[in-house]
>>> print(open('query.cif').read())   # mmCIF, C-alpha atoms and all ligand atoms
data_data
loop_
_atom_site.group_PDB
_atom_site.id
_atom_site.type_symbol
_atom_site.label_atom_id
_atom_site.label_comp_id
_atom_site.auth_asym_id
_atom_site.auth_seq_id
_atom_site.Cartn_x
_atom_site.Cartn_y
_atom_site.Cartn_z
ATOM 1 C CA MET A 262 187.967 37.509 -56.433
ATOM 2 C CA SER A 263 187.713 38.069 -52.639
ATOM 3 C CA ASP A 264 184.419 37.866 -50.775
ATOM 4 C CA LEU A 265 184.598 41.598 -50.096
ATOM 5 C CA ALA A 266 185.139 42.379 -53.783
ATOM 6 C CA ARG A 267 182.136 40.225 -54.679
ATOM 7 C CA LEU A 268 180.009 41.994 -52.049
ATOM 8 C CA VAL A 269 181.059 45.380 -53.444
ATOM 9 C CA GLY A 270 180.413 44.118 -56.983
ATOM 10 C CA VAL A 271 176.831 43.137 -56.183
ATOM 11 C CA LEU A 272 175.875 46.107 -53.960
ATOM 12 C CA ALA A 273 178.000 49.157 -54.896
ATOM 13 C CA GLU A 274 175.643 50.688 -57.437
ATOM 14 C CA ARG A 275 172.490 49.697 -55.567
ATOM 15 C CA ARG A 276 170.129 51.192 -53.001
ATOM 16 C CA VAL A 277 170.360 48.600 -50.287
ATOM 17 C CA VAL A 278 167.819 47.570 -47.672
ATOM 18 C CA VAL A 279 169.390 45.600 -44.825
ATOM 19 C CA LEU A 280 167.776 42.773 -42.865
ATOM 20 C CA THR A 281 169.545 42.086 -39.583
ATOM 21 C CA GLY A 282 169.267 39.340 -36.991
ATOM 22 C CA ALA A 283 170.737 38.366 -33.659
ATOM 23 C CA GLY A 284 174.183 37.777 -35.243
ATOM 24 C CA CYS A 285 174.486 41.526 -35.816
ATOM 25 C CA SER A 286 174.498 42.057 -32.027
ATOM 26 C CA THR A 287 176.647 39.165 -30.747
ATOM 27 C CA GLU A 288 179.735 41.409 -31.032
ATOM 28 C CA SER A 289 177.930 43.751 -28.614
ATOM 29 C CA GLY A 290 177.728 40.891 -26.107
ATOM 30 C CA ILE A 291 174.114 39.803 -26.693
ATOM 31 C CA PRO A 292 173.833 36.080 -27.475
ATOM 32 C CA ASP A 293 172.030 34.733 -30.562
ATOM 33 C CA TYR A 294 169.792 31.643 -30.760
ATOM 34 C CA ARG A 295 171.297 29.524 -33.468
ATOM 35 C CA GLY A 296 174.953 30.475 -33.735
ATOM 36 C CA GLU A 297 177.870 28.114 -33.320
ATOM 37 C CA GLU A 298 178.276 29.207 -29.688
ATOM 38 C CA THR A 299 174.606 29.000 -28.754
ATOM 39 C CA ALA A 300 173.766 25.632 -30.358
ATOM 40 C CA ARG A 301 175.273 23.787 -27.415
ATOM 41 C CA ARG A 302 172.925 25.475 -24.984
ATOM 42 C CA ALA A 303 169.887 25.550 -27.274
ATOM 43 C CA ARG A 304 166.695 26.340 -25.421
ATOM 44 C CA GLN A 305 163.072 26.940 -26.215
ATOM 45 C CA PRO A 306 162.148 30.631 -26.054
ATOM 46 C CA MET A 307 158.917 31.393 -24.218
ATOM 47 C CA ARG A 308 155.867 31.324 -26.487
ATOM 48 C CA PHE A 309 153.077 33.893 -26.214
ATOM 49 C CA ALA A 310 150.423 31.324 -25.231
ATOM 50 C CA ALA A 311 152.518 30.244 -22.245
ATOM 51 C CA PHE A 312 153.295 33.829 -21.159
ATOM 52 C CA ASN A 313 149.682 34.911 -21.497
ATOM 53 C CA GLY A 314 148.176 31.797 -19.988
ATOM 54 C CA SER A 315 149.881 31.346 -16.631
ATOM 55 C CA ASP A 316 151.081 33.388 -13.659
ATOM 56 C CA ALA A 317 153.948 30.919 -13.195
ATOM 57 C CA ALA A 318 155.157 31.480 -16.760
ATOM 58 C CA ARG A 319 155.036 35.261 -16.344
ATOM 59 C CA ARG A 320 156.923 34.940 -13.065
ATOM 60 C CA ARG A 321 159.592 32.876 -14.779
ATOM 61 C CA TYR A 322 159.771 35.347 -17.671
ATOM 62 C CA TRP A 323 160.180 38.455 -15.488
ATOM 63 C CA ALA A 324 162.622 36.776 -13.103
ATOM 64 C CA ARG A 325 164.874 35.785 -16.003
ATOM 65 C CA SER A 326 164.355 39.139 -17.667
ATOM 66 C CA MET A 327 165.356 41.038 -14.529
ATOM 67 C CA LEU A 328 168.688 39.225 -14.552
ATOM 68 C CA GLY A 329 169.212 39.482 -18.316
ATOM 69 C CA TRP A 330 168.177 43.102 -18.840
ATOM 70 C CA PRO A 331 171.294 44.871 -17.479
ATOM 71 C CA ARG A 332 173.424 43.237 -20.189
ATOM 72 C CA VAL A 333 171.058 44.416 -22.943
ATOM 73 C CA ALA A 334 170.644 47.889 -21.417
ATOM 74 C CA GLY A 335 174.410 48.273 -21.152
ATOM 75 C CA ALA A 336 175.241 46.960 -24.637
ATOM 76 C CA GLU A 337 176.899 49.357 -27.064
ATOM 77 C CA PRO A 338 176.502 49.354 -30.856
ATOM 78 C CA ASN A 339 179.354 47.481 -32.552
ATOM 79 C CA ASP A 340 181.146 48.051 -35.873
ATOM 80 C CA ALA A 341 178.310 46.385 -37.806
ATOM 81 C CA HIS A 342 175.646 48.762 -36.432
ATOM 82 C CA LEU A 343 177.959 51.760 -36.905
ATOM 83 C CA ALA A 344 178.858 50.834 -40.499
ATOM 84 C CA LEU A 345 175.166 50.445 -41.429
ATOM 85 C CA ALA A 346 174.350 53.865 -39.937
ATOM 86 C CA GLU A 347 177.255 55.395 -41.866
ATOM 87 C CA LEU A 348 176.145 53.731 -45.120
ATOM 88 C CA GLU A 349 172.647 55.167 -44.605
ATOM 89 C CA ARG A 350 174.086 58.681 -44.091
ATOM 90 C CA ARG A 351 175.989 58.292 -47.357
ATOM 91 C CA GLY A 352 172.864 57.123 -49.196
ATOM 92 C CA HIS A 353 173.960 53.549 -49.963
ATOM 93 C CA VAL A 354 171.565 52.043 -47.436
ATOM 94 C CA VAL A 355 167.898 53.091 -47.540
ATOM 95 C CA GLY A 356 167.090 51.564 -44.157
ATOM 96 C CA VAL A 357 167.252 48.585 -41.844
ATOM 97 C CA ILE A 358 164.643 45.931 -41.143
ATOM 98 C CA THR A 359 165.699 44.236 -37.933
ATOM 99 C CA GLN A 360 164.556 41.134 -36.097
ATOM 100 C CA ASN A 361 166.464 42.349 -33.052
ATOM 101 C CA VAL A 362 164.777 43.799 -29.991
ATOM 102 C CA ASP A 363 167.849 45.497 -28.499
ATOM 103 C CA GLY A 364 167.451 48.976 -30.075
ATOM 104 C CA LEU A 365 171.130 49.080 -31.121
ATOM 105 C CA HIS A 366 170.551 50.248 -34.717
ATOM 106 C CA ALA A 367 168.838 53.433 -33.522
ATOM 107 C CA ARG A 368 171.555 53.891 -30.887
ATOM 108 C CA ALA A 369 174.181 53.657 -33.647
ATOM 109 C CA GLY A 370 172.464 56.444 -35.603
ATOM 110 C CA SER A 371 170.403 54.538 -38.178
ATOM 111 C CA LYS A 372 167.339 56.641 -39.005
ATOM 112 C CA ARG A 373 164.987 54.381 -40.963
ATOM 113 C CA VAL A 374 164.689 51.291 -38.816
ATOM 114 C CA VAL A 375 161.761 48.866 -38.839
ATOM 115 C CA GLU A 376 161.829 46.742 -35.688
ATOM 116 C CA LEU A 377 159.880 43.664 -36.737
ATOM 117 C CA HIS A 378 159.751 42.195 -33.252
ATOM 118 C CA GLY A 379 159.445 45.381 -31.197
ATOM 119 C CA ARG A 380 161.909 46.442 -28.525
ATOM 120 C CA LEU A 381 162.689 45.248 -25.026
ATOM 121 C CA SER A 382 163.061 48.770 -23.637
ATOM 122 C CA GLU A 383 159.272 49.232 -23.619
ATOM 123 C CA VAL A 384 156.631 47.499 -21.517
ATOM 124 C CA SER A 385 152.837 47.764 -21.585
ATOM 125 C CA CYS A 386 149.798 46.554 -19.668
ATOM 126 C CA VAL A 387 147.885 43.724 -21.312
ATOM 127 C CA ARG A 388 144.619 45.049 -19.818
ATOM 128 C CA CYS A 389 144.639 48.877 -20.181
ATOM 129 C CA GLY A 390 147.562 49.333 -22.583
ATOM 130 C CA ALA A 391 149.406 51.855 -20.336
ATOM 131 C CA ALA A 392 153.078 52.093 -21.244
ATOM 132 C CA GLU A 393 156.051 51.911 -18.884
ATOM 133 C CA SER A 394 159.733 52.048 -19.677
ATOM 134 C CA ARG A 395 161.727 48.881 -19.047
ATOM 135 C CA ARG A 396 164.144 51.034 -17.046
ATOM 136 C CA THR A 397 161.541 52.012 -14.421
ATOM 137 C CA LEU A 398 160.139 48.485 -14.384
ATOM 138 C CA GLN A 399 163.648 47.185 -13.661
ATOM 139 C CA ALA A 400 163.805 49.422 -10.580
ATOM 140 C CA ARG A 401 160.446 48.045 -9.397
ATOM 141 C CA LEU A 402 161.511 44.443 -10.082
ATOM 142 C CA GLU A 403 164.709 44.906 -8.116
ATOM 143 C CA ALA A 404 162.938 46.606 -5.188
ATOM 144 C CA LEU A 405 160.407 43.769 -4.925
ATOM 145 C CA ASN A 406 163.039 41.040 -5.248
ATOM 146 C CA PRO A 407 166.107 42.072 -3.245
ATOM 147 C CA GLY A 408 169.078 39.766 -3.589
ATOM 148 C CA TRP A 409 168.011 38.199 -6.888
ATOM 149 C CA LEU A 410 170.449 40.229 -9.005
ATOM 150 C CA GLY A 411 173.349 38.611 -7.171
ATOM 151 C CA ARG A 412 172.468 35.136 -8.466
ATOM 152 C CA ARG A 413 174.930 33.562 -10.841
ATOM 153 C CA VAL A 414 173.192 32.644 -14.105
ATOM 154 C CA GLU A 415 174.064 32.133 -17.733
ATOM 155 C CA LEU A 416 172.789 34.919 -19.963
ATOM 156 C CA ALA A 417 170.421 33.764 -22.701
ATOM 157 C CA PRO A 418 169.169 35.521 -25.853
ATOM 158 C CA ASP A 419 166.505 38.244 -25.827
ATOM 159 C CA GLY A 420 167.572 39.814 -22.536
ATOM 160 C CA ASP A 421 166.751 36.536 -20.820
ATOM 161 C CA ALA A 422 168.717 34.344 -18.402
ATOM 162 C CA GLU A 423 168.783 30.677 -17.390
ATOM 163 C CA LEU A 424 166.922 30.260 -14.122
ATOM 164 C CA ASP A 425 164.718 27.451 -12.815
ATOM 165 C CA GLU A 426 163.360 28.218 -9.335
ATOM 166 C CA THR A 427 161.141 31.296 -9.561
ATOM 167 C CA ALA A 428 158.182 30.378 -7.339
ATOM 168 C CA ASP A 429 159.023 33.088 -4.771
ATOM 169 C CA PHE A 430 159.669 35.833 -7.338
ATOM 170 C CA VAL A 431 157.332 38.857 -7.007
ATOM 171 C CA VAL A 432 156.023 40.278 -10.299
ATOM 172 C CA PRO A 433 155.041 43.965 -10.384
ATOM 173 C CA SER A 434 151.798 44.884 -12.088
ATOM 174 C CA CYS A 435 150.517 47.897 -14.033
ATOM 175 C CA THR A 436 150.664 51.065 -11.897
ATOM 176 C CA ALA A 437 147.480 52.384 -13.564
ATOM 177 C CA CYS A 438 145.116 49.390 -13.316
ATOM 178 C CA GLY A 439 146.920 46.482 -11.651
ATOM 179 C CA GLY A 440 146.869 44.392 -14.842
ATOM 180 C CA ALA A 441 149.674 42.119 -16.025
ATOM 181 C CA LEU A 442 152.619 43.666 -17.846
ATOM 182 C CA ARG A 443 154.265 42.443 -21.014
ATOM 183 C CA PRO A 444 157.350 43.519 -22.926
ATOM 184 C CA ARG A 445 156.528 45.278 -26.202
ATOM 185 C CA VAL A 446 158.085 42.516 -28.234
ATOM 186 C CA VAL A 447 156.603 39.925 -30.559
ATOM 187 C CA PHE A 448 156.806 36.586 -28.772
ATOM 188 C CA PHE A 449 157.301 33.342 -30.637
ATOM 189 C CA GLY A 450 153.761 32.310 -31.596
ATOM 190 C CA GLU A 451 152.583 35.918 -32.133
ATOM 191 C CA SER A 452 152.411 37.683 -35.488
ATOM 192 C CA VAL A 453 154.222 40.824 -36.513
ATOM 193 C CA PRO A 454 151.630 43.678 -36.614
ATOM 194 C CA ARG A 455 150.423 44.433 -40.141
ATOM 195 C CA HIS A 456 151.543 48.103 -40.121
ATOM 196 C CA VAL A 457 155.076 46.975 -39.216
ATOM 197 C CA VAL A 458 155.176 44.521 -42.128
ATOM 198 C CA GLU A 459 153.901 47.317 -44.401
ATOM 199 C CA SER A 460 156.695 49.665 -43.251
ATOM 200 C CA ALA A 461 159.237 46.949 -43.985
ATOM 201 C CA ASN A 462 157.724 46.370 -47.424
ATOM 202 C CA GLU A 463 158.000 50.113 -48.139
ATOM 203 C CA LEU A 464 161.714 49.949 -47.391
ATOM 204 C CA LEU A 465 162.031 46.968 -49.711
ATOM 205 C CA GLU A 466 160.249 48.925 -52.459
ATOM 206 C CA ASP A 467 162.539 51.935 -52.020
ATOM 207 C CA ALA A 468 165.548 49.662 -52.450
ATOM 208 C CA ASN A 469 166.830 47.536 -55.296
ATOM 209 C CA ALA A 470 169.029 45.115 -53.360
ATOM 210 C CA LEU A 471 168.864 43.258 -50.033
ATOM 211 C CA LEU A 472 171.740 42.652 -47.621
ATOM 212 C CA VAL A 473 171.158 40.121 -44.820
ATOM 213 C CA VAL A 474 173.430 40.453 -41.771
ATOM 214 C CA GLY A 475 173.681 37.921 -38.935
ATOM 215 C CA SER A 476 170.502 35.910 -39.319
ATOM 216 C CA SER A 477 169.925 32.190 -39.770
ATOM 217 C CA LEU A 478 166.624 33.197 -41.451
ATOM 218 C CA VAL A 479 164.958 30.312 -39.627
ATOM 219 C CA VAL A 480 162.250 32.666 -38.328
ATOM 220 C CA PHE A 481 159.697 33.268 -41.109
ATOM 221 C CA SER A 482 158.975 36.910 -40.242
ATOM 222 C CA GLY A 483 162.484 37.777 -41.467
ATOM 223 C CA PHE A 484 162.794 35.151 -44.193
ATOM 224 C CA ARG A 485 159.666 36.462 -45.939
ATOM 225 C CA PHE A 486 161.589 39.607 -46.991
ATOM 226 C CA VAL A 487 164.301 37.483 -48.575
ATOM 227 C CA ARG A 488 161.643 35.591 -50.528
ATOM 228 C CA ARG A 489 159.991 38.880 -51.536
ATOM 229 C CA ALA A 490 163.317 40.368 -52.653
ATOM 230 C CA ALA A 491 163.970 37.269 -54.776
ATOM 231 C CA GLU A 492 160.480 37.483 -56.298
ATOM 232 C CA VAL A 493 160.957 41.094 -57.412
ATOM 233 C CA GLY A 494 164.467 40.408 -58.704
ATOM 234 C CA HIS A 495 166.554 42.317 -56.112
ATOM 235 C CA PRO A 496 170.023 40.785 -55.797
ATOM 236 C CA ILE A 497 170.538 39.335 -52.312
ATOM 237 C CA ALA A 498 173.805 39.378 -50.352
ATOM 238 C CA ILE A 499 174.255 37.504 -47.057
ATOM 239 C CA VAL A 500 176.909 38.171 -44.391
ATOM 240 C CA ASN A 501 176.691 35.473 -41.737
ATOM 241 C CA LEU A 502 178.709 32.983 -39.751
ATOM 242 C CA GLY A 503 177.201 29.678 -40.809
ATOM 243 C CA ARG A 504 174.448 28.509 -43.107
ATOM 244 C CA THR A 505 171.143 30.334 -43.576
ATOM 245 C CA ARG A 506 167.769 29.418 -45.046
ATOM 246 C CA GLY A 507 168.351 32.029 -47.770
ATOM 247 C CA ASP A 508 171.671 30.727 -49.083
ATOM 248 C CA GLU A 509 170.225 29.337 -52.330
ATOM 249 C CA LEU A 510 168.639 32.698 -53.141
ATOM 250 C CA ALA A 511 171.811 34.740 -52.586
ATOM 251 C CA ALA A 512 173.984 36.253 -55.322
ATOM 252 C CA VAL A 513 176.857 36.481 -52.827
ATOM 253 C CA ARG A 514 177.486 34.838 -49.447
ATOM 254 C CA VAL A 515 180.196 36.072 -47.115
ATOM 255 C CA HIS A 516 181.166 33.871 -44.192
ATOM 256 C CA GLY A 517 182.554 36.287 -41.617
ATOM 257 C CA ARG A 518 181.962 38.399 -38.540
ATOM 258 C CA ALA A 519 179.441 41.131 -39.243
ATOM 259 C CA GLY A 520 181.544 43.883 -37.660
ATOM 260 C CA ASP A 521 184.691 43.026 -39.630
ATOM 261 C CA VAL A 522 182.913 42.543 -42.951
ATOM 262 C CA LEU A 523 180.718 45.645 -42.753
ATOM 263 C CA ARG A 524 183.544 47.901 -41.576
ATOM 264 C CA ALA A 525 185.611 46.773 -44.578
ATOM 265 C CA PHE A 526 182.594 47.089 -46.883
ATOM 266 C CA ALA A 527 181.886 50.677 -45.772
ATOM 267 C CA LEU A 528 185.566 51.553 -46.285
ATOM 268 C CA ALA A 529 185.577 50.004 -49.752
ATOM 269 C CA LEU A 530 182.571 52.129 -50.792
ATOM 270 C CA ALA A 531 183.942 55.384 -49.334
HETATM 271 P P1 LIG A 601 169.553 33.383 -35.078
HETATM 272 O O1 LIG A 601 170.116 33.200 -33.695
HETATM 273 O O2 LIG A 601 168.609 32.367 -35.598
HETATM 274 O O3 LIG A 601 170.749 33.470 -36.125
HETATM 275 C C1 LIG A 601 171.882 34.268 -35.883
HETATM 276 C C2 LIG A 601 172.916 33.932 -36.960
HETATM 277 O O4 LIG A 601 173.959 34.884 -36.853
HETATM 278 C C3 LIG A 601 173.522 32.544 -36.797
HETATM 279 O O5 LIG A 601 173.547 31.892 -38.053
HETATM 280 C C4 LIG A 601 174.954 32.843 -36.304
HETATM 281 O O6 LIG A 601 175.893 31.893 -36.726
HETATM 282 C C5 LIG A 601 175.202 34.203 -36.923
HETATM 283 N N1 LIG A 601 176.174 35.028 -36.208
HETATM 284 C C6 LIG A 601 176.437 35.075 -34.874
HETATM 285 N N2 LIG A 601 177.363 35.998 -34.596
HETATM 286 C C7 LIG A 601 177.708 36.554 -35.793
HETATM 287 C C8 LIG A 601 178.617 37.569 -36.164
HETATM 288 N N3 LIG A 601 179.372 38.199 -35.257
HETATM 289 N N4 LIG A 601 178.717 37.897 -37.469
HETATM 290 C C9 LIG A 601 177.958 37.259 -38.412
HETATM 291 N N5 LIG A 601 177.087 36.275 -38.110
HETATM 292 C C10 LIG A 601 176.952 35.939 -36.813
HETATM 293 O O7 LIG A 601 168.952 34.850 -35.097
HETATM 294 P P2 LIG A 601 167.749 35.423 -35.928
HETATM 295 O O8 LIG A 601 167.779 34.904 -37.311
HETATM 296 O O9 LIG A 601 167.781 36.890 -35.687
HETATM 297 O O10 LIG A 601 166.461 34.810 -35.217
HETATM 298 C C11 LIG A 601 166.332 34.848 -33.809
HETATM 299 C C12 LIG A 601 165.102 35.591 -33.280
HETATM 300 O O11 LIG A 601 165.306 35.833 -31.905
HETATM 301 C C13 LIG A 601 164.896 36.932 -33.893
HETATM 302 O O12 LIG A 601 163.681 36.910 -34.517
HETATM 303 C C14 LIG A 601 164.944 37.955 -32.745
HETATM 304 O O13 LIG A 601 163.684 38.545 -32.522
HETATM 305 C C15 LIG A 601 165.255 37.198 -31.525
HETATM 306 N N6 LIG A 601 166.550 37.575 -30.877
HETATM 307 C C16 LIG A 601 166.946 38.885 -30.788
HETATM 308 C C17 LIG A 601 168.180 39.233 -30.218
HETATM 309 C C18 LIG A 601 168.600 40.689 -30.142
HETATM 310 O O14 LIG A 601 167.758 41.566 -30.106
HETATM 311 N N7 LIG A 601 169.915 40.998 -30.133
HETATM 312 C C19 LIG A 601 169.015 38.236 -29.736
HETATM 313 C C20 LIG A 601 168.578 36.891 -29.828
HETATM 314 C C21 LIG A 601 167.350 36.596 -30.400
#
>>> encode(input="query.cif", output="C-alpha cells", more="lines below")
Ligand code: NAD
Amino acid sequence: MSDLARLVGVLAERRVVVLTGAGCSTESGIPDYRGEETARRARQPMRFAAFNGSDAARRRYWARSMLGWPRVAGAEPNDAHLALAELERRGHVVGVITQNVDGLHARAGSKRVVELHGRLSEVSCVRCGAAESRRTLQARLEALNPGWLGRRVELAPDGDAELDETADFVVPSCTACGGALRPRVVFFGESVPRHVVESANELLEDANALLVVGSSLVVFSGFRFVRRAAEVGHPIAIVNLGRTRGDELAAVRVHGRAGDVLRAFALALA
C-alpha cells in the first residue's frame, strides 16, 4: 500500500486536528530549525532571559529581525497551508494548532487556528503593554537605521538573520511610554500562556485523530499534544521530512514534502 493510501486509511473517516511546525512553511521560503538544510547552519535561538536582560541582546534581536522580517512579511501560503484550509472548509479538519509564528495558516483561509507561539506581525511594550504592528515598527527601524537593509546576510528561522556587529544599531522604543518593545511571540525559555494551551486542548477534544505536519517535535510545547492524543487513543499521522520525536507513537508516517503530500491527500478525500 502507498504512503498516501495509508494516510487516507487512517484519517479519512476521522475529524482531524492538525499540529504544524516550521516544516510546513519552508516551501513558502521561511527556514526551519532542524531540517536537513538547516542542520549545517544550526544556531541557538535567542532565549527570553537574554532578550529581557540586556540592551545589547535586544539590539542584536531587532537588528537581525529588521533584516529578516521582509522575507516573512512577503511569504505566501504554500500548497500545505492551502490544502489544510480546504480540508477545514470540507469538515475533515477541525482546526490547526501551529508552532509557527508566520501567520500563514490564517492567510491561507484556515479559520480555527491556535498559534502556540504567537505571531511575529505583532509587537508590544514590556512596560505598558501598548500594541504596535510589526509593519509600522519596521518603518521606524528602517528610518532609524538607514543603510542596514542593504547588508548581505543569511536569513535564519523566525524572521531572524545572521548578523554579528550590532553595537551601532538604534532600537526604537514604545511610542506611548518609551519602554522596551518585544515581539508577541513565545521565546525559547518562556511558557505558552495557559489560555492558549486550553484552546489547543479544546481542538484536540473536538477531534478524534491528530495529523502532524513539518515538525521535528523536539520542542515540548508541540510534542505535548502528540502525547495527549496518544493517551486518549487518537490515531496519529505524521508528514515530515526526517525523523521526529513522535515517530514511535504514529500509526502512519509519511516521509515527503508537506505541500506535495497534503495536496494529494486533499485530492484523495475529495
Ligand atoms: P523544526 O525546525 O524543529 O522541525 C521542522 C521539521 O520539518 C524538520 O524535521 C524538517 O526536516 C521538516 N521539514 C522541513 N521542510 C519540510 C517540508 N517541506 N515538508 C515536510 N517536512 C519538512 O520545527 P518545529 O518543530 O516547528 O520547532 C521549531 C520552533 O521554532 C517552533 O516552535 C516555532 O515556534 C519556531 N519556528 C517557527 C517558524 C515559522 O513560523 N515558520 C520557522 C522556524 C522556527
>>> resolve_selection(input="query.cif", expression="the PyMOL selection byres (((not hetatm)) within 7 of (chain A and resi 601))", output="count of residues only")
39
>>> closest_residue(input="query.cif", among="A:Arg514, A:Gly450, A:Val357, A:Leu328", to="Gln399 of chain A", atoms="only C-alpha atoms")
A:Leu328
>>> residues_near_point(input="query.cif", point="(156.7, 35.0, -12.0)", cutoff="8 Å", atoms="only C-alpha atoms", output="ChimeraX atom specification")
/A:316-324,427-432
>>> resolve_selection(input="query.cif", expression="the PyMOL selection byres (((chain A and resi 341-344) around 6) and not hetatm)", output="ChimeraX atom specification")
/A:338-340,345-347,366,369,519-520,523-524
>>> closest_residue(input="query.cif", among="A:Ser482, A:Ser315, A:Asn469, A:Ser385", to="Leu272 of chain A", atoms="only C-alpha atoms")
A:Asn469
>>> atom_distance(input="query.cif", atom1="atom CA of Pro407 of chain A", atom2="atom CA of Cys386 of chain A")
23.6 Å
